[in-house]
Amino acid sequence: MNNIELLKKEHENIQRMLDVVHKASLDVLQNDKIDVDDFKKMVAFIRRYADKTHHGKEEKYLFKAMVKDLGGPAEKVIQGGMLIEHDLGRLYVSDLDDALDSFKEDPSVENKLAILVAAGSYEHLLRRHIQKENETVFTFGEKHLPQKSMEWVEEQSRAFEADVENAAEREYQLQVLKGLEEKYL
């Protein structure tokens with residue numbers, strides 16, 4: 001599996017978590033209950049798998065190579081789009097985490113709303129973001145990056161994947177995802 005295929009596979013796993021976030025949010029609306037611990041697991045997955053593992057590889061390797069080698073058009077798409085959306089996603093996750101902490105202290109309707117707004121904002125952003133990357137950004141990179149750059153991206157990605165700590169974290173988070181799917185889907 002090459003780097004682009006791997007990134008798309010990770011997108012599938014992230015979308016699986018977005019389905020969990022969606023169903024858990026619906027559960028809040030329908031049953032008026034919030035399992036803060038489950039939402040904290042979702043936050044941890046997003047931060048460790050979606051952001052550190054997935055976005056980390058995009059930002060450090062693929063996007064870096066695209067901006068360096070492809071210049072203007074790639075710069076606009078990456079710096080003016082993808083990286084801004086990564087940061088916006090981090091903001092929504094931070095808002096969600098803060099809202100969960102606030103809800104634990106004060107289980108008010110206001111704090112419940114903050115949880116749902118942050119979770120829904122993140123879900124909506126990431127679904128659109130993934131579609132843009134899969135259909136446009138990755139295709140652009142594959143078609144236009146020089147072979148030498150693609151080889152560098154592949155080499156860096158393989159090294160990241162082979163790292164024992166990264167592999168252990170990835171597998172742990174996928175197990176967390178599976179457990180949340182069993183509960184919510």
# chains A, B, ... in the order shown; residues from 1 in each chain; ligands from 1

$ residues_around --residues "stretch 31-38 of chain A" --least-positions-apart "2" --cutoff "9 Å" --atoms "only C-alpha atoms" --output "PyMOL selection string"
chain A and resi 24-29+40-43+100-101+103-104+112+180

$ residues_around --residues "A:Lys8" --least-positions-apart "5" --cutoff "12 Å" --atoms "only C-alpha atoms" --output "list of chain:residue names"
A:Met1, A:Asn2, A:Asn3, A:Asn13, A:Ile14, A:Gln15, A:Ala50, A:His54, A:His55, A:Glu58, A:Ile130, A:Gln131, A:Lys132, A:Glu133, A:Asn134, A:Glu135, A:Val137, A:Phe138, A:Thr139

$ closest_residue --among "A:Gly120, A:Asp19, A:Glu182, A:Tyr61" --to "A:Glu155" --atoms "only C-alpha atoms"
A:Tyr61

$ residues_around --residues "stretch 86-88 of chain A" --least-positions-apart "3" --cutoff "9 Å" --atoms "only C-alpha atoms" --output "list of chain:residue names"
A:Asp51, A:His55, A:Gly81, A:Met82, A:Leu83, A:Leu91, A:Tyr92, A:Val93, A:Tyr122, A:Leu125, A:Leu126, A:His129

$ write_last_selection --atoms "N, CA and C atoms" --output "compact mmCIF listing (two decimals), in the first residue's frame"
# COMPACT_ATOMS: atom_id res chain seq x y z
N ASP A 51 -5.23 13.30 14.20
CA ASP A 51 -4.34 14.45 14.12
C ASP A 51 -2.87 14.06 14.15
N HIS A 55 -2.85 13.45 10.22
CA HIS A 55 -2.50 14.81 9.81
C HIS A 55 -1.00 15.05 9.94
N GLY A 81 -5.84 26.21 2.57
CA GLY A 81 -7.00 25.33 2.74
C GLY A 81 -6.79 24.23 3.75
N MET A 82 -5.98 23.25 3.36
CA MET A 82 -5.85 22.04 4.18
C MET A 82 -5.28 22.34 5.58
N LEU A 83 -4.23 23.13 5.67
CA LEU A 83 -3.63 23.41 6.99
C LEU A 83 -4.55 24.25 7.86
N LEU A 91 -9.19 23.23 16.85
CA LEU A 91 -9.97 24.15 17.68
C LEU A 91 -11.29 23.51 18.11
N TYR A 92 -11.99 22.87 17.18
CA TYR A 92 -13.27 22.23 17.52
C TYR A 92 -13.08 21.11 18.54
N VAL A 93 -12.00 20.36 18.42
CA VAL A 93 -11.73 19.28 19.36
C VAL A 93 -11.38 19.85 20.73
N TYR A 122 -16.98 19.70 14.31
CA TYR A 122 -15.85 18.87 13.92
C TYR A 122 -16.28 17.85 12.86
N LEU A 125 -16.89 19.58 9.44
CA LEU A 125 -15.62 20.01 8.84
C LEU A 125 -14.84 18.83 8.28
N LEU A 126 -14.69 17.78 9.08
CA LEU A 126 -13.84 16.66 8.66
C LEU A 126 -14.43 15.88 7.50
N HIS A 129 -13.57 17.97 4.55
CA HIS A 129 -12.11 17.99 4.41
C HIS A 129 -11.60 16.69 3.78

$ atom_distance --atom1 "atom CA of A:Ala114" --atom2 "atom CA of A:Phe45"
19.6 Å

$ residues_around --residues "A:Arg48" --least-positions-apart "3" --cutoff "8 Å" --atoms "only C-alpha atoms" --output "list of chain:residue names"
A:Ala44, A:Phe45, A:Asp51, A:Lys52, A:Thr53, A:Glu169, A:Arg170, A:Gln173

$ write_last_selection --atoms "all heavy atoms" --output "tab-separated table (two decimals), in the first residue's frame"
chain	number	residue	atom	x	y	z
A	44	ALA	N	-9.68	11.65	22.38
A	44	ALA	CA	-8.33	11.05	22.36
A	44	ALA	C	-8.04	10.42	21.00
A	44	ALA	O	-6.94	10.56	20.47
A	44	ALA	CB	-8.19	10.02	23.48
A	45	PHE	N	-9.01	9.72	20.43
A	45	PHE	CA	-8.82	9.13	19.10
A	45	PHE	C	-8.52	10.21	18.07
A	45	PHE	O	-7.60	10.09	17.25
A	45	PHE	CB	-10.07	8.33	18.68
A	45	PHE	CG	-9.97	7.76	17.29
A	45	PHE	CD1	-9.49	6.49	17.09
A	45	PHE	CD2	-10.35	8.51	16.17
A	45	PHE	CE1	-9.38	5.95	15.81
A	45	PHE	CE2	-10.25	7.98	14.89
A	45	PHE	CZ	-9.76	6.69	14.71
A	51	ASP	N	-5.23	13.30	14.20
A	51	ASP	CA	-4.34	14.45	14.12
A	51	ASP	C	-2.87	14.06	14.15
A	51	ASP	O	-2.13	14.33	13.21
A	51	ASP	CB	-4.66	15.44	15.24
A	51	ASP	CG	-4.09	16.82	14.97
A	51	ASP	OD1	-4.07	17.25	13.80
A	51	ASP	OD2	-3.65	17.48	15.92
A	52	LYS	N	-2.44	13.40	15.21
A	52	LYS	CA	-1.00	13.09	15.33
A	52	LYS	C	-0.53	12.13	14.23
A	52	LYS	O	0.46	12.39	13.56
A	52	LYS	CB	-0.69	12.49	16.70
A	52	LYS	CG	0.78	12.19	16.90
A	52	LYS	CD	1.06	11.65	18.29
A	52	LYS	CE	2.54	11.39	18.47
A	52	LYS	NZ	2.88	10.00	18.40
A	53	THR	N	-1.24	11.04	14.07
A	53	THR	CA	-0.82	10.04	13.09
A	53	THR	C	-1.12	10.50	11.66
A	53	THR	O	-0.21	10.65	10.85
A	53	THR	CB	-1.52	8.70	13.36
A	53	THR	OG1	-1.10	8.21	14.63
A	53	THR	CG2	-1.19	7.67	12.30
A	169	GLU	N	0.38	2.87	19.35
A	169	GLU	CA	-0.68	3.87	19.53
A	169	GLU	C	-1.77	3.72	18.49
A	169	GLU	O	-2.96	3.77	18.80
A	169	GLU	CB	-0.10	5.29	19.48
A	169	GLU	CG	-1.12	6.39	19.69
A	169	GLU	CD	-1.74	6.40	21.07
A	169	GLU	OE1	-1.04	6.11	22.07
A	169	GLU	OE2	-2.95	6.71	21.18
A	170	ARG	N	-1.37	3.51	17.25
A	170	ARG	CA	-2.33	3.33	16.16
A	170	ARG	C	-3.24	2.13	16.43
A	170	ARG	O	-4.46	2.22	16.33
A	170	ARG	CB	-1.58	3.16	14.83
A	170	ARG	CG	-2.45	2.97	13.63
A	170	ARG	CD	-1.63	2.87	12.34
A	170	ARG	NE	-0.62	1.83	12.38
A	170	ARG	CZ	0.70	2.04	12.48
A	170	ARG	NH1	1.19	3.25	12.53
A	170	ARG	NH2	1.55	1.01	12.51
A	173	GLN	N	-5.66	2.84	19.37
A	173	GLN	CA	-6.76	3.72	18.99
A	173	GLN	C	-7.77	3.01	18.09
A	173	GLN	O	-8.98	3.25	18.19
A	173	GLN	CB	-6.23	5.00	18.31
A	173	GLN	CG	-5.49	5.93	19.25
A	173	GLN	CD	-6.31	6.35	20.46
A	173	GLN	OE1	-7.53	6.52	20.38
A	173	GLN	NE2	-5.65	6.53	21.58

$ closest_residue --among "A:Arg158, A:Phe39, A:Glu75, A:Pro146" --to "A:Asp98" --atoms "only C-alpha atoms"
A:Phe39

$ atom_distance --atom1 "atom CA of A:Val117" --atom2 "atom CA of A:Leu7"
27.4 Å

$ select_by_dssp --residues "stretch 20-129 of chain A" --states "alpha helix (DSSP H)" --output "VMD selection string"
chain A and resid 20 to 31 36 to 45 56 to 57 63 to 70 72 to 77 83 to 105 109 to 129

$ closest_residue --among "A:Gly89, A:Gly72, A:Lys57, A:Gly80" --to "A:Arg127" --atoms "only C-alpha atoms"
A:Gly89

$ closest_residue --among "A:His124, A:Lys64, A:Lys178, A:His22" --to "A:Met150" --atoms "only C-alpha atoms"
A:Lys64

$ closest_residue --among "A:Glu10, A:Asn166, A:Ile78, A:Ala159" --to "A:Glu59" --atoms "only C-alpha atoms"
A:Ile78

$ closest_residue --among "A:Gly56, A:Tyr49, A:Ser94, A:Ile4" --to "A:Glu171" --atoms "only C-alpha atoms"
A:Tyr49
